[in-house]
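Below is one structure, written out as structure tokens, with a few remarks after it.
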2 protein chains.
Amino acid sequence: MITADKNMTASQQQLVADWQTLLRTFIKPENEATKTILLKYMEPILFGLHSFLNKHVGITEEVSIKDLAEQYKNSRINPYPEKKLADVITDLIENIAPYAVNIASPYFIGHMTSAIPFFMVHLKTITAALNQNVVKLETSKVVSVVEKQVLAKIHRLIFQKDDAFYDEHIQNPDTTLGCFTDGGTLANTTALWVARNAAMPPTDGFQGIEAEGLMAAYRRYGIDRGVILVSRLGHYSLSKACGLLGIGNQNLIPVDVDSRNKLNIKELKQAIRTIENEKGRNKIIAVIGIAGTTETGNIDPLDQIADICAEKGIHYHIDAAWGGPTLMSEKYGCLLKGIEKADSVTIDGHKQFYMPMTCGMVYFKDPHKMDYIAYHARYVNRPGSVDLGIRSLSGSREANSLILDSTLKIMGSKGFELLIDHGIETAKAFAKEIKKRPLFQLISPPELNILTYRICPLYIQEKFLTASQQERHEINETLNYINQHIQRCQREAGHSFVSRTTLHLKRLFNRDIVVFRCVLMNPMTDTKILNDILDEQEEIFNHYFKDILSARSY
Amino acid sequence: MITADKNMTASQQQLVADWQTLLRTFIKPENEATKTILLKYMEPILFGLHSFLNKHVGITEEVSIKDLAEQYKNSRINPYPEKKLADVITDLIENIAPYAVNIASPYFIGHMTSAIPFFMVHLKTITAALNQNVVKLETSKVVSVVEKQVLAKIHRLIFQKDDAFYDEHIQNPDTTLGCFTDGGTLANTTALWVARNAAMPPTDGFQGIEAEGLMAAYRRYGIDRGVILVSRLGHYSLSKACGLLGIGNQNLIPVDVDSRNKLNIKELKQAIRTIENEKGRNKIIAVIGIAGTTETGNIDPLDQIADICAEKGIHYHIDAAWGGPTLMSEKYGCLLKGIEKADSVTIDGHKQFYMPMTCGMVYFKDPHKMDYIAYHARYVNRPGSVDLGIRSLSGSREANSLILDSTLKIMGSKGFELLIDHGIETAKAFAKEIKKRPLFQLISPPELNILTYRICPLYIQEKFLTASQQERHEINETLNYINQHIQRCQREAGHSFVSRTTLHLKRLFNRDIVVFRCVLMNPMTDTKILNDILDEQEEIFNHYFKDILSARSY
């Protein structure tokens, strides 16, 4: 309960939302003057933001996060209105945007968040204006039907079933080809949730793990430990999903990768054998393949994993949150060969479908598989209805499907192909530039549009080859220190942003290696810009860190 | 892989997205002509949608969902662009909107989805234009700090801690007052996830349930069955959460309610005793109180439940997805007395904060509680950072906090108070109207802004009192049939929409009772409109169903 301040000033009183003012915010304005004003507000939103974001990528030390935090320490909701819409918009543009991150800059190549086509803003606005809730037909009607169609389109892109299959399922209220989620984390979670339940299905005297719980299920099936296998480059959301689902994140078994960061098939087979022969009764709930690892963008041998899963009858999930849209490229789609054999596939809309934050999706080859997680309620989601909330982790949900559906119409798969191909080819060109420079070492060459490298002068690379294990360790530690600090300096300077991660590469050195990580998805990012970024890193190195190497007589 | 159709026509070729056209969609237009066009597109989005939605509430049988579905059966992504942005917008306005649901109509009083103030569309547009990803500081910067502030504001609204508390935690990177989620389902899931982990914490030789899994945890703590208790009017998301978390949805124990649909404290105490004394070792993971049941809008005795939980050391979660914002009303805030004693609280932004779809939130009294679900990754969310993704069910996340923060500034808590009070008082007035009419029976009077009633002529209500059990059953079945069909007729006529659910009320009749359910949150809904809705129901009854009663000589 908030008690009004009795001593408010006269000017505050003028701002108080009275009932009539409030009502007007619920009426779509009918007169032209008001319409013009509201439309006018869109101008700074559509264009003003951009000017303020133009100068810096955003993570500048000029205004540190600590200083910013100091300005946002008011924990009280104001009883009375503080600002009018116009002032709130101005405030967002002048006081928030400049201190946000300019992820749309072609110099921002550090994360899987990038520029989006401007029409995405229009499409998101439509979704908000319609404000449909896709959880049930009664609050979405045709939008639920549109969603089912677009789910079928992406399902077909992945699984390539025939016309008869899609004719049967595209608008079938009793089957489900996939589901929109908040993001990739919940898409992966949904897939593993289904896999968990399918691994311990209802049977005589047992109503299933969803009803009776994991303890009862393990007892019924004589299991001590359920496990899921994935390459050690799996996204951390898989670990989170295992924790959430009661499987335990320690039971997500990391399998080693080969020299190209792809899941090592031999190691996978060995891991499965070990699990099967271990004391205690283990159950493999799922094996996960990755189509575009978060750190290096590599694709697991999807086809070979499929054969192993098929032979063993194990649920096969593919995390294609990043790489999925590559299927739209004639040239590179083949990299994902075998994805059609998966039982479930995650793809993110806000990544390489270039949609606004956030949109995840999960698809199931078998349109009945999501029955394992069906829920009904007395007032909605009745059996047999088209209510999309019946098989879904989320409840209420916005109609992101409208954005994807419209985007496919505007871009065509060929439009996406241009973006995908450009990203991969820019990454390949960047790898060449890195190799040309004696100060840098390419760590993971791009398979898709992601690569990693570090500062490691050529003479040190050579020294490394003949060094003792102890010397190698010392050199690597020094390089880690340098690369970590160069990344931070560059980020804080605010002109460009490359992210940083820590890899573990047997081929190179079996310890933690700090690397720069680049994600090349912005079509405005070209070789000139990438060379600017390398130049800046060289400058920072020469200015602050060169001496460290000399001092240690490297 | 999509193969281009070699036989495309010349007009199709003109539409193909070439690289230059594509690039232009990523550049914010710099010349005035283009700006004007883009701004112009916003006009139909902001205003055009409305006109098309004006006539009908939307669930009309004129165009059945089956007929609509027939129009959306194309499972192929078109390789080439089909439409330009302007055409896509026109299509959405002319071909989608009229067959969507006009949830903004004051005649749409069936669900917790309603009209939103028009400025919400502007705020959502800003969020999309900025496109920040709040999972990490590197893709959000100041927006993460703004989010922490608004979380503190709502935390304070609920828990009323003192200034020193908020000074310490509002911008503390190591503590968490709450978290934004996709919606209420995931907010409840997050709360129960934390409660589950806290109930079986790491200890000597045991690394916790999140790491080792539910089986290992139950064994370590000597538990056969973990349970959660909630009134039998709990939202189905709680059941889903228990299934997801491995607890098992059968282990969500429903506790009976009193005659006012509030959790019966005696029954709760008895249920706890039974669980404690049962054979096998049971553990109560959480007790849940509801502040606004989905079906009837009633509030559990929050204060009394708090005492029981405190005494037993049980995690106390309150599902205030619906009722939470009532705290902003001076008059009705006291209905939620005791909420400040909860360990965790769910509130939805897209419900009574009137935000666009979707926004859930969960708050924890103890700012360290979310440590039980902390996750890090090598490339983001490093310990000690302000990365909001460290303690969150979702990964990538849009900046809904900006919308809530701005809305609080525009409306003030007093603005929300007007809406809350209007809803409750309109519901009370509607209850009076229902009572005035001899054809209707008020089933659950409003405590907040939700009520249920049914068609049940006064003479039948009287007959019911003296009827035998068998007669009562027959009468009730007939009434259920009638009410179910009247609701459907009204929905399909498309002028207004009232939802329907099935209640079980000992006080009235210990069987399933089909009722109309009304949610009164649209400030444009007044007594005149509500009487129109009753009139329509009377007409439908008199026209189609009156005879059924006569035929059965009721």
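Quick note on naming: the chains in the structure tokens go A, B, ... in the order shown, residues restart at 1 in each chain, and ligands are numbered from 1 in order of appearance.
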Do you have, as JSON lines, the list of residues of region 98-213 of chain A lying at most 10 Å from region 29-46 of chain A, each with its nearest atom pair and that distance in Å to one decimal, counting only C-alpha atoms and ordered by chain then number?
```
{"residue": "A:Phe118", "atom": "CA", "partner": "A:Leu46", "partner_atom": "CA", "distance": 8.4}
{"residue": "A:Val121", "atom": "CA", "partner": "A:Leu46", "partner_atom": "CA", "distance": 8.0}
{"residue": "A:His122", "atom": "CA", "partner": "A:Leu46", "partner_atom": "CA", "distance": 9.2}
```
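One distance worth recording is that between CA of Phe416 (chain B) and CA of His155 (chain B), which is 16.7 Å.
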Calculate how many Å separate CA of Asp319 (chain A) from CA of Thr190 (chain A), rounding to one decimal.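 Computing the Euclidean distance for CA of Asp319 (chain A) and CA of Thr190 (chain A) yields 11.7 Å.
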Shell of 9 Å around Asp371 (chain B), only C-alpha atoms, local chain residues under 2 positions omitted, as a VMD selection string: chain B and resid 175 to 176 194 367 to 369 373 to 375 390 to 391
Write out as a ChimeraX atom specification which residues come within 12 Å of Glu210 (chain B) when counting only C-alpha atoms, dropping same-chain ones fewer than 5 positions away. /A:239-252 /B:193-202,215-217,245-246,371-375
Those residues you just picked out, can you put them in a file as a PDB file, in the first residue's frame with C-alpha atoms?
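This is the output file result.pdb:
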```
ATOM      1  CA  SER A 239      23.482 -27.596 -17.663  1.00  0.00           C
ATOM      2  CA  LYS A 240      20.778 -25.333 -16.259  1.00  0.00           C
ATOM      3  CA  ALA A 241      18.063 -27.488 -17.840  1.00  0.00           C
ATOM      4  CA  CYS A 242      19.513 -30.625 -16.230  1.00  0.00           C
ATOM      5  CA  GLY A 243      19.537 -28.894 -12.857  1.00  0.00           C
ATOM      6  CA  LEU A 244      15.997 -27.637 -13.300  1.00  0.00           C
ATOM      7  CA  LEU A 245      14.613 -30.989 -14.456  1.00  0.00           C
ATOM      8  CA  GLY A 246      15.963 -32.792 -11.395  1.00  0.00           C
ATOM      9  CA  ILE A 247      18.468 -34.764 -13.472  1.00  0.00           C
ATOM     10  CA  GLY A 248      21.346 -32.867 -11.878  1.00  0.00           C
ATOM     11  CA  ASN A 249      23.808 -30.780 -13.855  1.00  0.00           C
ATOM     12  CA  GLN A 250      26.635 -33.137 -12.899  1.00  0.00           C
ATOM     13  CA  ASN A 251      24.771 -35.759 -14.888  1.00  0.00           C
ATOM     14  CA  LEU A 252      25.220 -33.742 -18.045  1.00  0.00           C
TER      15      LEU A 252
ATOM     16  CA  TRP B 193      12.999 -24.181  -8.290  1.00  0.00           C
ATOM     17  CA  VAL B 194      14.695 -22.047  -5.626  1.00  0.00           C
ATOM     18  CA  ALA B 195      12.488 -23.561  -2.896  1.00  0.00           C
ATOM     19  CA  ARG B 196      13.309 -27.103  -4.036  1.00  0.00           C
ATOM     20  CA  ASN B 197      17.045 -26.428  -4.003  1.00  0.00           C
ATOM     21  CA  ALA B 198      16.919 -24.606  -0.670  1.00  0.00           C
ATOM     22  CA  ALA B 199      15.026 -27.511   0.899  1.00  0.00           C
ATOM     23  CA  MET B 200      17.902 -29.869   0.089  1.00  0.00           C
ATOM     24  CA  PRO B 201      20.987 -27.660   0.259  1.00  0.00           C
ATOM     25  CA  PRO B 202      24.597 -28.714  -0.298  1.00  0.00           C
ATOM     26  CA  MET B 215      17.369 -38.818  -6.683  1.00  0.00           C
ATOM     27  CA  ALA B 216      20.710 -38.180  -4.977  1.00  0.00           C
ATOM     28  CA  ALA B 217      19.188 -35.364  -2.906  1.00  0.00           C
ATOM     29  CA  LEU B 245      11.131 -29.844 -11.498  1.00  0.00           C
ATOM     30  CA  GLY B 246      10.945 -33.615 -11.042  1.00  0.00           C
ATOM     31  CA  ASP B 371      22.107 -18.073  -5.294  1.00  0.00           C
ATOM     32  CA  TYR B 372      20.604 -21.567  -5.270  1.00  0.00           C
ATOM     33  CA  ILE B 373      20.125 -21.319  -9.007  1.00  0.00           C
ATOM     34  CA  ALA B 374      23.203 -19.325 -10.058  1.00  0.00           C
ATOM     35  CA  TYR B 375      24.908 -20.282 -13.322  1.00  0.00           C
TER      36      TYR B 375
END
```
Based on the backbone DSSP call, show me all residues of region 39-257 of chain B assigned alpha helix (DSSP H), as a PyMOL selection string. chain B and resi 39-43+49-53+65-70+85-91+119-130+142-159+163-169+184-199+209-212+214-220+236-244
Quick one: residues within 9 Å of Gly389 (chain A), only C-alpha atoms, excluding same-chain residues fewer than 3 positions away - as number ranges by chain? A: 134-136, 374-376, 380-381, 386, 392-397
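Nearest-residue note for chain B: choosing from A:Ser496, A:Ser64, A:Thr296, A:Thr502, the minimum distance belongs to A:Thr502, counting only C-alpha atoms.
In this comparison, which uses only C-alpha atoms, the residue of B:Tyr107, B:Phe497, B:Phe440, B:Phe430 approaching chain A most closely is B:Phe497.
Backbone DSSP assigns strand (DSSP E or B) in region 436-470 of chain A to Phe440, Gln441, Leu442, Ile443, Ser444, Ile450, Leu451, Thr452, Tyr453, Arg454 and Ile455 of chain A.
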Just how far from CA of Ile89 (chain B) is CA of Gly360 (chain B), in Å to one decimal? 28.8 Å
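Nearest residue to Thr21 (chain A), choosing from B:Ile486, B:Met411, B:Leu505, B:Ile93 and counting only C-alpha atoms: B:Met411.
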